[in-house]
$ cat input-v5.txt   # compact mmCIF, C-alpha atoms
# COMPACT_ATOMS: atom_id res chain seq x y z
CA MET A 1 -142.85 -77.74 32.31
CA SER A 2 -144.51 -74.47 33.21
CA ALA A 3 -147.12 -73.60 35.81
CA GLY A 4 -147.23 -70.03 34.54
CA TYR A 5 -145.14 -67.45 32.75
CA ARG A 6 -141.65 -67.03 34.11
CA ALA A 7 -138.96 -65.01 32.37
CA VAL A 8 -136.22 -67.64 32.40
CA GLN A 9 -136.09 -71.05 34.06
CA TRP A 10 -132.41 -71.73 34.57
CA ASN A 11 -130.96 -74.92 35.89
CA ALA A 12 -127.43 -76.32 36.16
CA ARG A 13 -127.82 -78.34 32.96
CA LYS A 14 -128.78 -75.26 30.96
CA LEU A 15 -125.89 -73.26 32.40
CA VAL A 16 -123.37 -75.98 31.50
CA TYR A 17 -124.87 -76.27 28.00
CA ASP A 18 -124.66 -72.51 27.47
CA ALA A 19 -121.15 -72.26 28.92
CA LEU A 20 -119.94 -74.99 26.54
CA LEU A 21 -121.68 -73.30 23.61
CA ILE A 22 -120.14 -69.90 24.30
CA ALA A 23 -116.70 -71.40 24.95
CA GLY A 24 -116.90 -73.43 21.74
CA ALA A 25 -117.91 -70.44 19.61
CA ALA A 26 -115.22 -68.22 21.18
CA LEU A 27 -112.57 -70.91 20.65
CA PHE A 28 -113.60 -71.35 17.00
CA ILE A 29 -113.46 -67.62 16.28
CA ALA A 30 -110.14 -67.13 18.10
CA THR A 31 -108.53 -70.14 16.36
CA PHE A 32 -109.77 -68.98 12.96
CA MET A 33 -108.37 -65.48 13.50
CA ILE A 34 -105.00 -66.66 14.84
CA ILE A 35 -104.45 -69.12 11.99
CA GLY A 36 -105.69 -66.55 9.45
CA ALA A 37 -103.38 -63.86 10.83
CA LEU A 38 -100.38 -66.21 10.87
CA ARG A 39 -100.94 -67.44 7.31
CA ASN A 40 -101.62 -64.03 5.83
CA PRO A 41 -100.81 -61.20 8.28
CA PRO A 42 -103.34 -58.36 7.90
CA ALA A 43 -101.62 -55.20 6.70
CA ASP A 44 -104.03 -52.59 8.07
CA PRO A 45 -107.16 -52.21 10.26
CA PRO A 46 -109.63 -52.95 7.41
CA ALA A 47 -107.75 -56.20 6.72
CA TRP A 48 -108.15 -57.18 10.37
CA ILE A 49 -111.86 -56.41 10.13
CA GLY A 50 -111.99 -58.54 6.96
CA LEU A 51 -110.52 -61.46 8.87
CA ARG A 52 -113.06 -60.93 11.67
CA ILE A 53 -115.89 -60.94 9.11
CA LYS A 54 -114.72 -64.32 7.79
CA ALA A 55 -114.23 -65.81 11.28
CA LEU A 56 -117.70 -64.76 12.51
CA GLY A 57 -119.44 -65.74 9.27
CA THR A 58 -117.81 -69.18 9.20
CA CYS A 59 -118.62 -69.73 12.87
CA ALA A 60 -122.30 -68.78 12.38
CA PHE A 61 -122.60 -71.08 9.36
CA VAL A 62 -120.99 -74.01 11.18
CA MET A 63 -123.30 -73.44 14.17
CA LEU A 64 -126.37 -73.34 11.93
CA THR A 65 -125.27 -76.57 10.25
CA ILE A 66 -124.84 -78.26 13.64
CA ILE A 67 -128.28 -77.04 14.78
CA LEU A 68 -129.90 -78.58 11.72
CA THR A 69 -128.18 -81.93 12.28
CA ILE A 70 -129.31 -82.22 15.92
CA GLY A 71 -132.95 -83.04 15.08
CA PRO A 72 -132.31 -86.00 12.73
CA LEU A 73 -129.36 -87.23 14.81
CA ALA A 74 -131.56 -87.37 17.93
CA ARG A 75 -134.17 -89.35 16.00
CA LEU A 76 -131.55 -91.79 14.72
CA ASP A 77 -129.65 -92.23 18.00
CA ALA A 78 -130.93 -91.38 21.47
CA ARG A 79 -127.41 -90.47 22.61
CA PHE A 80 -127.80 -87.16 20.78
CA LEU A 81 -130.92 -86.21 22.75
CA PRO A 82 -129.01 -84.08 25.30
CA LEU A 83 -128.06 -81.75 22.44
CA LEU A 84 -131.75 -81.18 21.75
CA TYR A 85 -132.45 -80.12 25.30
CA ASN A 86 -131.30 -76.54 24.87
CA ARG A 87 -131.26 -76.20 21.10
CA ARG A 88 -133.07 -72.86 21.27
CA HIS A 89 -130.16 -71.30 23.16
CA PHE A 90 -127.88 -72.66 20.44
CA GLY A 91 -130.08 -70.89 17.89
CA VAL A 92 -130.06 -67.58 19.76
CA LEU A 93 -126.26 -67.68 20.09
CA THR A 94 -125.98 -68.44 16.36
CA PHE A 95 -128.10 -65.38 15.62
CA LEU A 96 -125.84 -63.24 17.84
CA VAL A 97 -122.69 -64.49 16.06
CA ALA A 98 -124.35 -63.78 12.68
CA LEU A 99 -125.30 -60.31 13.94
CA ALA A 100 -121.66 -59.68 14.93
CA HIS A 101 -120.69 -60.76 11.39
CA VAL A 102 -123.07 -58.14 9.92
CA TYR A 103 -121.81 -55.50 12.36
CA SER A 104 -118.24 -56.26 11.20
CA VAL A 105 -119.26 -55.77 7.56
CA ILE A 106 -120.66 -52.32 8.42
CA ASP A 107 -117.50 -51.66 10.44
CA TRP A 108 -115.36 -52.50 7.40
CA PHE A 109 -117.28 -50.10 5.13
CA ALA A 110 -116.97 -47.40 7.81
CA ALA A 111 -113.22 -48.06 8.14
CA VAL A 112 -112.64 -47.53 4.40
CA GLY A 113 -115.05 -44.55 4.34
CA ALA A 114 -117.55 -46.17 2.00
CA VAL A 115 -120.77 -46.60 3.99
CA GLY A 116 -122.61 -44.96 1.07
CA ASP A 117 -121.45 -47.79 -1.21
CA LEU A 118 -122.89 -50.34 1.19
CA ILE A 119 -126.29 -48.64 1.05
CA THR A 120 -126.11 -48.39 -2.75
CA GLU A 121 -125.40 -52.12 -2.93
CA PHE A 122 -128.86 -52.73 -1.49
CA THR A 123 -130.88 -49.91 -3.00
CA ASP A 124 -129.45 -49.30 -6.46
CA ASN A 125 -127.85 -52.47 -7.68
CA PRO A 126 -128.31 -53.58 -11.32
CA LYS A 127 -127.12 -57.11 -10.45
CA TYR A 128 -130.37 -58.22 -8.80
CA GLY A 129 -131.33 -59.78 -12.16
CA GLN A 130 -128.14 -61.83 -12.40
CA PHE A 131 -127.28 -65.19 -10.88
CA ILE A 132 -123.48 -64.87 -10.64
CA GLY A 133 -122.98 -61.46 -9.11
CA PHE A 134 -126.34 -61.38 -7.29
CA PRO A 135 -125.96 -59.05 -4.28
CA ILE A 136 -124.96 -61.53 -1.59
CA LYS A 137 -125.44 -59.01 1.20
CA ALA A 138 -129.17 -58.98 0.41
CA LEU A 139 -129.20 -62.79 0.77
CA GLY A 140 -127.32 -62.54 4.04
CA LEU A 141 -129.68 -59.90 5.40
CA PHE A 142 -132.70 -62.01 4.45
CA GLY A 143 -131.22 -65.02 6.25
CA LEU A 144 -130.41 -62.89 9.28
CA SER A 145 -133.98 -61.50 9.34
CA ILE A 146 -135.38 -65.03 9.54
CA MET A 147 -132.91 -65.91 12.28
CA PHE A 148 -133.94 -62.76 14.18
CA LEU A 149 -137.61 -63.72 13.94
CA LEU A 150 -136.88 -67.20 15.24
CA ALA A 151 -134.56 -65.99 18.02
CA ALA A 152 -137.10 -63.35 19.11
CA THR A 153 -139.89 -65.93 19.34
CA SER A 154 -137.79 -68.71 20.85
CA HIS A 155 -138.97 -68.28 24.44
CA ASP A 156 -141.69 -70.49 25.93
CA PHE A 157 -143.89 -67.39 26.23
CA TRP A 158 -144.16 -67.28 22.41
CA LEU A 159 -144.61 -71.04 22.30
CA ALA A 160 -147.66 -70.73 24.54
CA PHE A 161 -148.88 -67.51 22.88
CA LEU A 162 -148.70 -68.83 19.30
CA SER A 163 -149.63 -72.46 20.22
CA PRO A 164 -147.10 -75.30 19.72
CA ARG A 165 -148.54 -76.06 16.28
CA ALA A 166 -148.10 -72.52 14.89
CA TRP A 167 -144.76 -72.07 16.68
CA LYS A 168 -143.38 -75.27 15.19
CA ALA A 169 -144.54 -74.29 11.71
CA LEU A 170 -142.96 -70.84 12.08
CA HIS A 171 -139.66 -72.29 13.23
CA MET A 172 -139.44 -74.52 10.16
CA ALA A 173 -138.41 -71.27 8.43
CA LEU A 174 -134.92 -72.11 9.68
CA TYR A 175 -134.61 -74.42 6.67
CA LEU A 176 -135.29 -71.47 4.39
CA ALA A 177 -132.68 -69.40 6.24
CA TYR A 178 -130.13 -72.20 5.82
CA GLY A 179 -130.82 -72.50 2.09
CA VAL A 180 -130.48 -68.73 1.65
CA LEU A 181 -127.21 -68.69 3.61
CA VAL A 182 -125.74 -71.60 1.60
CA MET A 183 -126.35 -69.44 -1.49
CA HIS A 184 -124.92 -66.38 0.34
CA VAL A 185 -121.63 -68.29 0.67
CA ALA A 186 -121.82 -69.98 -2.75
CA LEU A 187 -122.33 -66.69 -4.57
CA GLY A 188 -120.01 -64.79 -2.26
CA VAL A 189 -116.76 -66.15 -0.96
CA MET A 190 -116.90 -69.23 -3.23
CA GLN A 191 -116.77 -66.93 -6.28
CA GLU A 192 -113.91 -64.80 -4.98
CA ASP A 193 -111.74 -67.54 -3.53
CA ARG A 194 -111.14 -70.53 -5.80
CA ARG A 195 -109.44 -72.73 -3.24
CA VAL A 196 -110.98 -76.19 -3.40
CA PHE A 197 -111.78 -76.56 0.30
CA ILE A 198 -114.49 -73.88 0.16
CA PRO A 199 -116.94 -75.74 -2.15
CA VAL A 200 -115.96 -79.03 -0.48
CA LEU A 201 -116.83 -77.75 3.01
CA LEU A 202 -119.91 -75.85 1.89
CA GLY A 203 -121.27 -78.70 -0.23
CA GLY A 204 -120.26 -81.22 2.44
CA SER A 205 -122.12 -79.34 5.18
CA PHE A 206 -125.23 -79.00 3.07
CA GLY A 207 -124.96 -82.63 1.93
CA LEU A 208 -124.58 -83.86 5.51
CA VAL A 209 -127.69 -81.98 6.67
CA THR A 210 -129.66 -83.27 3.67
CA LEU A 211 -128.47 -86.87 4.10
CA LEU A 212 -129.32 -86.97 7.82
CA HIS A 213 -132.79 -85.56 7.19
CA ALA A 214 -133.37 -88.05 4.38
CA VAL A 215 -132.30 -91.04 6.51
CA ALA A 216 -134.38 -89.90 9.51
CA ALA A 217 -137.40 -89.27 7.25
CA TRP A 218 -137.01 -92.73 5.71
CA ARG A 219 -137.03 -94.36 9.14
CA GLU A 220 -140.04 -92.34 10.22
CA TRP A 221 -141.88 -93.25 7.05
CA GLN A 222 -141.15 -96.94 7.58
CA GLY A 223 -142.59 -96.67 11.09
CA ASP A 224 -145.78 -95.07 9.81
CA ARG A 225 -146.61 -97.99 7.54
CA GLY A 226 -148.33 -101.31 8.04
CA VAL A 227 -150.41 -101.04 11.19
CA PRO A 228 -152.48 -104.22 11.52
CA LEU A 229 -156.06 -103.33 12.43
CA ARG A 230 -158.43 -105.61 14.35
CA PRO A 231 -162.23 -105.71 13.90
CA GLY A 232 -163.67 -102.54 15.37
CA ASN A 233 -160.57 -100.71 14.19
CA TRP A 234 -158.48 -101.31 17.29
CA ILE A 235 -154.76 -101.22 16.56
CA MET A 236 -152.78 -104.33 17.42
CA VAL A 237 -149.65 -103.45 19.39
CA GLY A 238 -148.34 -106.86 20.43
CA PRO A 239 -147.93 -108.91 23.64
CA PRO A 240 -147.32 -106.79 26.76
CA ASN A 241 -143.70 -107.93 26.96
CA SER A 242 -143.09 -106.61 23.45
CA ILE A 243 -143.28 -103.14 25.01
CA PRO A 244 -139.97 -102.46 26.81
CA ASN A 245 -140.49 -101.80 30.51
CA ARG A 246 -140.81 -98.07 31.30
CA ARG A 247 -140.67 -97.32 27.60
CA ALA A 248 -143.14 -97.22 24.73
CA ARG A 249 -144.00 -98.66 21.40
CA ILE A 250 -145.28 -96.13 18.92
CA VAL A 251 -148.16 -97.07 16.63
CA THR A 252 -149.80 -94.99 13.95
CA ALA A 253 -153.55 -94.49 13.81
CA PRO A 254 -155.33 -94.68 10.44
CA ASP A 255 -155.57 -90.87 10.41
CA GLY A 256 -151.75 -90.69 10.52
CA GLU A 257 -151.40 -89.47 14.13
CA ARG A 258 -149.07 -91.47 16.36
CA ILE A 259 -149.92 -93.09 19.67
CA ALA A 260 -147.33 -93.97 22.34
CA VAL A 261 -148.20 -97.17 24.21
CA PHE A 262 -146.18 -97.24 27.45
CA ARG A 263 -145.61 -100.06 29.90
CA ASP A 264 -144.67 -99.46 33.52
CA GLY A 265 -144.34 -102.95 35.01
CA LEU A 266 -147.86 -104.35 34.82
CA ARG A 267 -149.52 -101.03 33.92
CA ILE A 268 -150.09 -100.22 30.28
CA GLY A 269 -151.41 -96.89 29.00
CA ALA A 270 -151.60 -95.08 25.68
CA LEU A 271 -151.07 -91.36 25.16
CA THR A 272 -150.80 -89.17 22.11
CA ASN A 273 -147.20 -89.19 20.90
CA VAL A 274 -147.18 -85.37 20.80
CA CYS A 275 -145.90 -83.55 23.89
CA ALA A 276 -148.00 -80.54 24.90
CA HIS A 277 -144.90 -78.36 25.23
CA GLN A 278 -143.19 -78.37 21.83
CA ASN A 279 -144.79 -81.34 20.07
CA GLY A 280 -141.84 -83.55 21.00
CA PRO A 281 -141.99 -87.33 20.35
CA LEU A 282 -143.24 -88.51 23.74
CA GLY A 283 -143.02 -92.20 22.81
CA GLU A 284 -139.24 -91.88 22.46
CA GLY A 285 -139.07 -90.88 26.11
CA ARG A 286 -139.09 -93.02 29.26
CA ILE A 287 -141.08 -93.42 32.42
CA VAL A 288 -139.14 -91.67 35.17
CA ASN A 289 -140.45 -91.68 38.77
CA GLY A 290 -143.78 -93.03 37.52
CA CYS A 291 -144.26 -90.28 34.93
CA VAL A 292 -143.94 -90.43 31.16
CA THR A 293 -141.11 -87.99 30.45
CA CYS A 294 -140.63 -86.23 27.11
CA PRO A 295 -137.15 -86.81 25.68
CA TRP A 296 -136.84 -83.23 24.46
CA HIS A 297 -137.30 -81.05 27.53
CA GLY A 298 -138.39 -83.38 30.31
CA TYR A 299 -142.11 -82.48 30.47
CA GLU A 300 -143.85 -85.12 32.61
CA TYR A 301 -147.29 -86.77 32.40
CA ARG A 302 -149.00 -89.44 34.47
CA LEU A 303 -149.44 -92.70 32.56
CA GLU A 304 -152.97 -93.33 33.79
CA ASP A 305 -154.60 -90.07 32.63
CA GLY A 306 -152.04 -88.03 30.65
CA CYS A 307 -152.11 -85.17 33.20
CA ALA A 308 -148.94 -83.39 34.29
CA PRO A 309 -148.36 -83.85 38.03
CA PRO A 310 -149.39 -80.85 40.20
CA PRO A 311 -148.79 -77.93 40.17
CA PHE A 312 -148.50 -78.23 36.40
CA THR A 313 -151.60 -78.14 34.26
CA GLU A 314 -150.76 -79.71 30.89
CA LYS A 315 -153.02 -82.56 29.77
CA LEU A 316 -152.64 -85.04 26.95
CA ALA A 317 -155.23 -87.02 25.04
CA THR A 318 -155.27 -90.67 26.08
CA HIS A 319 -156.42 -93.80 24.25
CA ARG A 320 -158.30 -96.84 25.50
CA VAL A 321 -156.19 -99.98 25.81
CA ARG A 322 -157.26 -103.61 26.13
CA LEU A 323 -155.67 -107.03 26.40
CA ARG A 324 -157.22 -109.48 23.97
CA ASN A 325 -155.93 -113.03 23.41
CA GLY A 326 -152.64 -112.05 24.98
CA VAL A 327 -152.20 -109.05 22.69
CA ILE A 328 -152.39 -105.38 23.64
CA GLU A 329 -154.70 -103.36 21.43
CA VAL A 330 -155.28 -99.64 21.39
CA ASP A 331 -158.32 -97.68 20.27
CA PRO A 332 -157.26 -95.13 17.60
CA GLU A 333 -160.01 -92.76 18.75
CA ALA A 334 -158.50 -90.29 21.20
CA LEU A 335 -160.23 -89.66 24.53
CA PRO A 336 -160.54 -86.11 25.90
CA PRO A 337 -157.24 -84.91 27.46
CA GLY A 338 -156.86 -86.09 31.03
CA THR A 339 -159.17 -89.13 30.74
CA LYS A 340 -158.10 -92.18 32.74
CA ALA A 341 -157.43 -95.06 30.35
CA ALA A 342 -154.47 -97.16 31.54
CA ILE A 343 -154.99 -100.83 32.41
CA ARG A 344 -153.22 -103.43 34.56
CA VAL A 345 -152.28 -106.75 32.91
CA PRO A 346 -151.79 -110.14 34.62
CA ARG A 347 -148.25 -110.95 35.66
CA TYR A 348 -147.81 -114.32 33.93
CA PRO A 349 -147.19 -115.13 31.13
CA PHE A 350 -147.64 -111.72 29.68
CA THR A 351 -144.91 -109.65 31.22
CA ARG A 352 -141.23 -109.98 31.68
CA GLU A 353 -139.30 -107.37 33.60
CA MET B 1 -144.54 -83.64 15.55
CA MET B 2 -148.14 -83.93 14.49
CA ARG B 3 -149.14 -85.51 11.19
CA GLY B 4 -149.59 -82.13 9.49
CA HIS B 5 -146.12 -81.00 10.55
CA ARG B 6 -144.56 -84.24 9.36
CA ALA B 7 -146.27 -83.97 5.98
CA PHE B 8 -145.22 -80.30 5.66
CA HIS B 9 -141.67 -81.14 6.72
CA ARG B 10 -141.45 -84.01 4.25
CA MET B 11 -142.55 -81.76 1.39
CA LEU B 12 -140.58 -78.66 2.40
CA TRP B 13 -137.18 -80.19 3.05
CA PRO B 14 -136.68 -82.15 -0.22
CA ALA B 15 -138.02 -79.26 -2.33
CA LEU B 16 -135.73 -76.77 -0.61
CA ALA B 17 -132.77 -79.18 -0.74
CA LEU B 18 -133.27 -79.66 -4.48
CA ILE B 19 -133.41 -75.91 -5.16
CA VAL B 20 -130.32 -75.22 -3.02
CA ALA B 21 -128.41 -78.15 -4.57
CA LEU B 22 -129.21 -76.76 -8.03
CA GLY B 23 -128.17 -73.24 -7.00
CA PHE B 24 -124.95 -74.52 -5.42
CA THR B 25 -124.06 -76.55 -8.53
CA MET B 26 -124.74 -73.59 -10.83
CA ALA B 27 -122.66 -71.31 -8.60
CA LEU B 28 -119.81 -73.83 -8.76
CA VAL B 29 -119.98 -74.41 -12.51
CA LEU B 30 -120.41 -70.76 -13.46
CA ARG B 31 -117.54 -69.49 -11.32
CA PRO B 32 -115.51 -66.96 -13.30
CA LEU B 33 -112.09 -68.19 -14.32
CA PRO B 34 -109.17 -66.77 -12.35
CA GLU B 35 -107.41 -63.87 -14.00
CA ARG B 36 -104.21 -65.07 -15.66
CA PRO B 37 -101.04 -63.11 -14.90
CA GLU B 38 -99.96 -61.08 -17.91
CA THR B 39 -97.23 -62.86 -19.88
CA PRO B 40 -94.27 -60.66 -20.79
CA ALA B 41 -94.06 -59.71 -24.46
CA PRO B 42 -91.43 -61.76 -26.35
CA ALA B 43 -88.20 -59.90 -26.81
CA MET B 44 -87.45 -58.72 -30.31
CA GLN B 45 -84.84 -60.80 -32.01
CA PRO B 46 -81.87 -58.75 -33.09
CA GLY B 47 -81.07 -58.48 -36.72
$ encode --input "input-v5.txt" --output "structure tokens"
Amino acid sequence: MSAGYRAVQWNARKLVYDALLIAGAALFIATFMIIGALRNPPADPPAWIGLRIKALGTCAFVMLTIILTIGPLARLDARFLPLLYNRRHFGVLTFLVALAHVYSVIDWFAAVGAVGDLITEFTDNPKYGQFIGFPIKALGLFGLSIMFLLAATSHDFWLAFLSPRAWKALHMALYLAYGVLVMHVALGVMQEDRRVFIPVLLGGSFGLVTLLHAVAAWREWQGDRGVPLRPGNWIMVGPPNSIPNRRARIVTAPDGERIAVFRDGLRIGALTNVCAHQNGPLGEGRIVNGCVTCPWHGYEYRLEDGCAPPPFTEKLATHRVRLRNGVIEVDPEALPPGTKAAIRVPRYPFTRE
Amino acid sequence: MMRGHRAFHRMLWPALALIVALGFTMALVLRPLPERPETPAPAMQPG
């Protein structure tokens, strides 16, 4: 939550997350290099640089694969939500590891005195028209450029400057970067090294990311279907006790937007399901200390009017709620952000703590 | 995510996954065969 622009808002949780990230990446690279050096001892400095290139490249690819599994995993199982909390730092570190991989490639060409060949590979290469043999360094550089753009715009300043909607759309380019980098490996090391584990790991990583996205999308799609509408187009949610206490049920309006209907004891209120910060799924969050709390980054909103508690200024659209024949209904028409709309329901027989 | 993002995401990801899966399969199938070590020429039979 932000009351204004601040360079970095650190807290203990972020520091622990970042420390674990850095330690994990360093451990991966060190282990890769030690095992690589023991199995096939490098004969000269360029061979050592070659090993470093492989270690950093593999680490960056593994990190990117993990980043892309966090989103669907968090949707499928709330236990993965803590990984989402600081995913942008994960992305920035992945970019830095990929950058070190590129630096090592340049270092290798410098070590063998062939920097000119590296430039020629980009500028005067007849293999751009081929599939097998396509210049993989161009693919890698394209992927790195996308990662740079995303890392450079990852701060909340850019989120506010571009608007969450544009920022989110821009950051979907990570999928493109991943696809390009899968082909960077498939047309690169997979062609040179015919050991079976390379296509198995590469295809397995890509398959895992695809499968998780497909399963999460299927579940989301199921949730978007079959909203029973009442006369006057109010959406039927269910009896008050069908909404878990201090949690929400998410319903979908006829226009496709989702509404999170929360219950806090006897109070019931409906807010847009889209957090003002990064468009996170608010309805998958909880009510903590009387405030609806986004599961992604902990942004808080009051249930009654969708306003962030002072000194914060974010406001969410609310929806009118009513209790009719023992059933909670919600008006799909959104009210202006910050409008009071929550109601209080009778204790018996409608609620059960 | 808002409805527009979800719709975009649902179109983008399968299309991209299909293209990459095709590219990966082609890269696997079209891999050049490993170079075979040269076999020594058969020794001339005496006589």
$ interface_residues --input "input-v5.txt" --of "chain B" --to "chain A" --cutoff "10 Å" --atoms "only C-alpha atoms" --output "number ranges by chain"
B: 1-10, 12-14, 16-21, 23-28, 30-34
$ residues_around --input "input-v5.txt" --residues "Ala216 of chain A" --least-positions-apart "6" --cutoff "7 Å" --atoms "only C-alpha atoms" --output "PyMOL selection string"
chain A and resi 72+75-76
$ residues_around --input "input-v5.txt" --residues "Ala248 of chain A" --least-positions-apart "3" --cutoff "6 Å" --atoms "all atoms listed in the file" --output "JSON, numbers by chain"
{"A": [243, 260, 261, 262, 283]}
$ atom_distance --input "input-v5.txt" --atom1 "atom CA of Thr313 of chain A" --atom2 "atom CA of Glu329 of chain A"
28.5 Å
$ atom_distance --input "input-v5.txt" --atom1 "atom CA of Ala177 of chain A" --atom2 "atom CA of Ser205 of chain A"
14.5 Å
$ atom_distance --input "input-v5.txt" --atom1 "atom CA of Pro332 of chain A" --atom2 "atom CA of Ala253 of chain A"
5.3 Å
$ closest_residue --input "input-v5.txt" --among "A:Ala160, A:Leu139, A:Ile328, A:Val292" --to "Asp305 of chain A" --atoms "all atoms listed in the file"
A:Val292
$ axis_aligned_box --input "input-v5.txt" --around "segment 199-214 of chain A" --padding-each-side "6 Å" --output "lines of an AutoDock Vina configuration file"
center_x = -124.7
center_y = -81.9
center_z = 2.8
size_x = 29.4
size_y = 24.3
size_z = 22.0
$ closest_residue --input "input-v5.txt" --among "A:Arg267, A:Lys137, A:His297, A:His155" --to "Ala341 of chain A" --atoms "all atoms listed in the file"
A:Arg267
